[in-house]
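K.L.:
I'm passing along work-v6.txt; it holds compact mmCIF, N, CA and C atoms.
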```txt
# COMPACT_ATOMS: atom_id res chain seq x y z
N MET P 292 147.95 66.79 54.33
CA MET P 292 148.69 66.52 53.12
C MET P 292 148.13 67.39 52.00
N GLY P 293 149.02 67.91 51.15
CA GLY P 293 148.61 68.78 50.06
C GLY P 293 148.24 68.02 48.81
N GLU P 294 148.06 68.78 47.77
CA GLU P 294 147.73 68.22 46.45
C GLU P 294 148.87 67.34 45.96
N LYS P 295 148.51 66.24 45.28
CA LYS P 295 149.52 65.31 44.76
C LYS P 295 149.31 65.08 43.27
N LEU P 296 150.41 64.81 42.60
CA LEU P 296 150.37 64.41 41.21
C LEU P 296 149.86 62.98 41.12
N THR P 297 149.27 62.64 39.99
CA THR P 297 148.91 61.25 39.77
C THR P 297 150.19 60.46 39.49
N VAL P 298 150.11 59.17 39.59
CA VAL P 298 151.26 58.31 39.29
C VAL P 298 151.72 58.55 37.86
N GLU P 299 150.77 58.68 36.94
CA GLU P 299 151.10 58.89 35.53
C GLU P 299 151.79 60.24 35.31
N GLU P 300 151.27 61.29 35.97
CA GLU P 300 151.88 62.61 35.84
C GLU P 300 153.31 62.61 36.38
N LEU P 301 153.49 62.01 37.54
CA LEU P 301 154.82 61.95 38.14
C LEU P 301 155.78 61.18 37.25
N LYS P 302 155.33 60.06 36.72
CA LYS P 302 156.18 59.25 35.84
C LYS P 302 156.56 60.04 34.59
N GLU P 303 155.61 60.74 34.00
CA GLU P 303 155.87 61.52 32.80
C GLU P 303 156.87 62.65 33.09
N LEU P 304 156.66 63.37 34.18
CA LEU P 304 157.56 64.46 34.52
C LEU P 304 158.97 63.96 34.82
N MET P 305 159.09 62.85 35.52
CA MET P 305 160.40 62.32 35.84
C MET P 305 161.12 61.84 34.59
N GLU P 306 160.39 61.29 33.64
CA GLU P 306 161.00 60.86 32.37
C GLU P 306 161.48 62.09 31.59
N LEU P 307 160.66 63.12 31.52
CA LEU P 307 161.08 64.35 30.83
C LEU P 307 162.29 64.97 31.51
N TYR P 308 162.32 64.94 32.83
CA TYR P 308 163.45 65.50 33.56
C TYR P 308 164.72 64.69 33.29
N LYS P 309 164.59 63.38 33.27
CA LYS P 309 165.74 62.51 32.99
C LYS P 309 166.29 62.80 31.59
N ILE P 310 165.40 62.95 30.64
CA ILE P 310 165.82 63.27 29.27
C ILE P 310 166.55 64.61 29.24
N ALA P 311 165.99 65.61 29.94
CA ALA P 311 166.61 66.93 29.96
C ALA P 311 168.00 66.89 30.59
N ARG P 312 168.16 66.11 31.66
CA ARG P 312 169.45 66.03 32.34
C ARG P 312 170.50 65.30 31.53
N THR P 313 170.08 64.40 30.66
CA THR P 313 171.05 63.58 29.92
C THR P 313 171.22 64.00 28.46
N THR P 314 170.47 65.01 28.02
CA THR P 314 170.59 65.49 26.65
C THR P 314 171.81 66.40 26.56
N PRO P 315 172.69 66.15 25.60
CA PRO P 315 173.90 66.97 25.48
C PRO P 315 173.58 68.39 25.01
N VAL P 316 174.44 69.30 25.40
CA VAL P 316 174.33 70.70 24.99
C VAL P 316 174.99 70.82 23.61
N ILE P 317 174.19 70.58 22.59
CA ILE P 317 174.68 70.65 21.22
C ILE P 317 173.74 71.59 20.45
N ALA P 318 174.32 72.53 19.76
CA ALA P 318 173.55 73.44 18.92
C ALA P 318 174.00 73.24 17.48
N LEU P 319 173.08 73.43 16.55
CA LEU P 319 173.41 73.25 15.15
C LEU P 319 174.12 74.46 14.55
N SER P 320 174.06 75.57 15.28
CA SER P 320 174.78 76.77 14.84
C SER P 320 175.13 77.60 16.07
N VAL P 321 176.05 78.52 15.89
CA VAL P 321 176.41 79.42 16.99
C VAL P 321 175.19 80.25 17.38
N ALA P 322 174.42 80.69 16.40
CA ALA P 322 173.23 81.49 16.68
C ALA P 322 172.23 80.71 17.53
N ASP P 323 172.03 79.43 17.21
CA ASP P 323 171.14 78.60 18.02
C ASP P 323 171.66 78.46 19.44
N GLY P 324 172.95 78.28 19.58
CA GLY P 324 173.54 78.15 20.91
C GLY P 324 173.34 79.41 21.73
N ILE P 325 173.57 80.55 21.13
CA ILE P 325 173.40 81.83 21.83
C ILE P 325 171.94 82.05 22.20
N ALA P 326 171.04 81.62 21.33
CA ALA P 326 169.60 81.81 21.55
C ALA P 326 169.00 80.78 22.50
N GLY P 327 169.83 79.84 23.00
CA GLY P 327 169.30 78.81 23.90
C GLY P 327 168.50 77.75 23.18
N LYS P 328 168.81 77.54 21.92
CA LYS P 328 168.10 76.53 21.13
C LYS P 328 168.93 75.27 20.96
N ASP P 329 169.81 75.02 21.92
CA ASP P 329 170.57 73.76 21.90
C ASP P 329 169.64 72.63 22.34
N PHE P 330 170.05 71.41 22.09
CA PHE P 330 169.20 70.26 22.38
C PHE P 330 168.83 70.15 23.87
N ALA P 331 169.78 70.39 24.75
CA ALA P 331 169.52 70.29 26.18
C ALA P 331 168.51 71.34 26.64
N SER P 332 168.66 72.57 26.16
CA SER P 332 167.72 73.63 26.54
C SER P 332 166.31 73.32 26.04
N GLN P 333 166.21 72.78 24.85
CA GLN P 333 164.90 72.43 24.31
C GLN P 333 164.26 71.30 25.12
N ALA P 334 165.07 70.33 25.54
CA ALA P 334 164.55 69.23 26.35
C ALA P 334 164.07 69.74 27.70
N TYR P 335 164.83 70.64 28.31
CA TYR P 335 164.43 71.18 29.60
C TYR P 335 163.17 72.04 29.45
N LYS P 336 163.03 72.74 28.34
CA LYS P 336 161.83 73.54 28.11
C LYS P 336 160.60 72.65 28.00
N ARG P 337 160.74 71.47 27.37
CA ARG P 337 159.61 70.54 27.29
C ARG P 337 159.18 70.11 28.69
N PHE P 338 160.16 69.85 29.58
CA PHE P 338 159.85 69.51 30.97
C PHE P 338 159.13 70.68 31.64
N GLU P 339 159.67 71.89 31.52
CA GLU P 339 159.07 73.07 32.15
C GLU P 339 157.65 73.31 31.65
N ASP P 340 157.45 73.20 30.34
CA ASP P 340 156.12 73.43 29.76
C ASP P 340 155.10 72.41 30.27
N ARG P 341 155.52 71.16 30.33
CA ARG P 341 154.58 70.11 30.81
C ARG P 341 154.28 70.31 32.28
N TRP P 342 155.31 70.66 33.08
CA TRP P 342 155.08 70.93 34.50
C TRP P 342 154.11 72.10 34.66
N ALA P 343 154.24 73.14 33.84
CA ALA P 343 153.34 74.30 33.93
C ALA P 343 151.90 73.87 33.67
N GLU P 344 151.69 73.00 32.69
CA GLU P 344 150.34 72.49 32.40
C GLU P 344 149.78 71.70 33.57
N ILE P 345 150.59 70.80 34.10
CA ILE P 345 150.14 69.95 35.21
C ILE P 345 149.91 70.78 36.46
N ALA P 346 150.81 71.73 36.73
CA ALA P 346 150.65 72.59 37.91
C ALA P 346 149.36 73.38 37.82
N LYS P 347 149.08 73.94 36.66
CA LYS P 347 147.84 74.71 36.48
C LYS P 347 146.62 73.83 36.72
N TYR P 348 146.66 72.61 36.22
CA TYR P 348 145.54 71.68 36.41
C TYR P 348 145.28 71.43 37.90
N HIS P 349 146.35 71.39 38.68
CA HIS P 349 146.23 71.12 40.12
C HIS P 349 146.07 72.40 40.95
N GLY P 350 145.96 73.54 40.29
CA GLY P 350 145.79 74.81 41.00
C GLY P 350 147.08 75.34 41.60
N ALA P 351 148.20 74.87 41.11
CA ALA P 351 149.51 75.33 41.57
C ALA P 351 150.10 76.28 40.53
N HIS P 352 151.20 76.89 40.89
CA HIS P 352 151.90 77.81 39.99
C HIS P 352 153.13 77.10 39.43
N PRO P 353 153.53 77.38 38.20
CA PRO P 353 154.72 76.74 37.64
C PRO P 353 155.99 76.94 38.47
N SER P 354 156.03 78.00 39.29
CA SER P 354 157.21 78.21 40.13
C SER P 354 157.19 77.31 41.37
N ASP P 355 156.06 76.65 41.62
CA ASP P 355 156.00 75.66 42.69
C ASP P 355 156.77 74.42 42.25
N GLY P 356 157.01 73.54 43.15
CA GLY P 356 157.74 72.31 42.82
C GLY P 356 156.95 71.09 43.21
N PHE P 357 157.60 69.95 43.13
CA PHE P 357 156.96 68.71 43.54
C PHE P 357 158.02 67.75 44.06
N ASN P 358 157.58 66.89 44.96
CA ASN P 358 158.46 65.88 45.52
C ASN P 358 158.55 64.75 44.51
N SER P 359 159.75 64.45 44.05
CA SER P 359 159.93 63.45 43.00
C SER P 359 159.67 62.03 43.48
N LYS P 360 159.59 61.83 44.78
CA LYS P 360 159.33 60.48 45.30
C LYS P 360 157.84 60.28 45.60
N THR P 361 157.19 61.29 46.19
CA THR P 361 155.80 61.16 46.61
C THR P 361 154.82 61.80 45.65
N GLY P 362 155.28 62.74 44.83
CA GLY P 362 154.40 63.46 43.92
C GLY P 362 153.67 64.61 44.58
N GLU P 363 153.95 64.87 45.85
CA GLU P 363 153.29 65.97 46.54
C GLU P 363 153.77 67.30 45.97
N ILE P 364 152.83 68.19 45.71
CA ILE P 364 153.16 69.52 45.17
C ILE P 364 153.62 70.39 46.32
N ILE P 365 154.74 71.06 46.11
CA ILE P 365 155.35 71.92 47.13
C ILE P 365 155.12 73.37 46.71
N VAL P 366 154.28 74.06 47.47
CA VAL P 366 153.94 75.44 47.15
C VAL P 366 155.08 76.36 47.56
N ASN P 367 155.50 77.19 46.62
CA ASN P 367 156.55 78.17 46.87
C ASN P 367 155.89 79.42 47.42
N ARG P 368 156.08 79.68 48.70
CA ARG P 368 155.39 80.79 49.34
C ARG P 368 156.23 82.05 49.42
N SER P 369 157.41 82.07 48.85
CA SER P 369 158.25 83.27 48.95
C SER P 369 157.96 84.27 47.87
```
In structure tokens, write the structure found in this file.

P.N.:
Amino acid sequence: MGEKLTVEELKELMELYKIARTTPVIALSVADGIAGKDFASQAYKRFEDRWAEIAKYHGAHPSDGFNSKTGEIIVNRS
């Protein structure tokens, strides 16, 4: 078995992911929308940034993934 996320890390990541999936794509201006500064993109970036921190802590790369049920880190070998 490989490296696993803690229960707290998995819970935090899943909550951030849920927020990102349910946040509407609303931008306050056309420029913000074009620049990817809509609410949904910002929410997904928070998820990505936190995953990058946690992955680094566990010796994984941000391009790796994790099993949302078990918390096992899935190394991307391609």

K.L.:
Can you list, as JSON, numbers by chain, every protein, DNA or RNA residue that comes within 10 Å of segment 305-315 of chain P when you count only C-alpha atoms, leaving out same-chain residues fewer than 2 positions away?

P.N.:
{"P": [299, 300, 301, 302, 303, 317, 318, 329, 330, 331, 332, 333, 334, 335, 336, 337, 338, 339, 341, 342, 359, 360]}

K.L.:
Which one is closest to Phe357 of chain P: P:Leu296, P:Asp323, P:Lys328, P:Asp340? Count all atoms listed in the file.

P.N.:
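Using all atoms listed in the file, the shortest distance to Phe357 of chain P belongs to P:Leu296.
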
K.L.:
How far is it from atom CA of Val366 of chain P to atom CA of Ala351 of chain P, in Å with one decimal?

P.N.:
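Rounded to one decimal, the two atoms are 7.1 Å apart.
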
K.L.:
Where does DSSP see strand (DSSP E or B) in chain P, if you list the residues as a list in words?

P.N.:
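Assigned to strand (DSSP E or B), within chain P: Lys295, Gly356, Phe357, Glu363, Ile364 and Ile365 of chain P.
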
K.L.:
For a cut-off of 6 Å around (153.3, 67.0, 45.9), file coordinates, pick out all residues using all atoms listed in the file and list them as number ranges by chain.

P.N.:
P: 293-296, 357-358, 361-365

K.L.:
Expressed in Å to a single decimal, how great is the separation between atom N of Gly350 of chain P and atom C of Leu304 of chain P?

P.N.:
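Calculated distance between atom N of Gly350 of chain P and atom C of Leu304 of chain P is 17.1 Å.
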
K.L.:
Between atom C of Asp355 of chain P and atom CA of Asn367 of chain P, what is the distance in Å, rounded to a tenth?

P.N.:
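Atom CA of Asn367 of chain P lies at a distance of 6.0 Å from atom C of Asp355 of chain P.
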
K.L.:
Which parts of chain P does DSSP call alpha helix (DSSP H) when run on the backbone here, written out as JSON, numbers by chain?

P.N.:
{"P": [298, 299, 300, 301, 302, 303, 304, 305, 306, 307, 308, 309, 310, 311, 312, 313, 321, 322, 323, 324, 325, 330, 331, 332, 333, 334, 335, 336, 337, 338, 339, 340, 341, 342, 343, 344, 345, 346, 347, 348]}
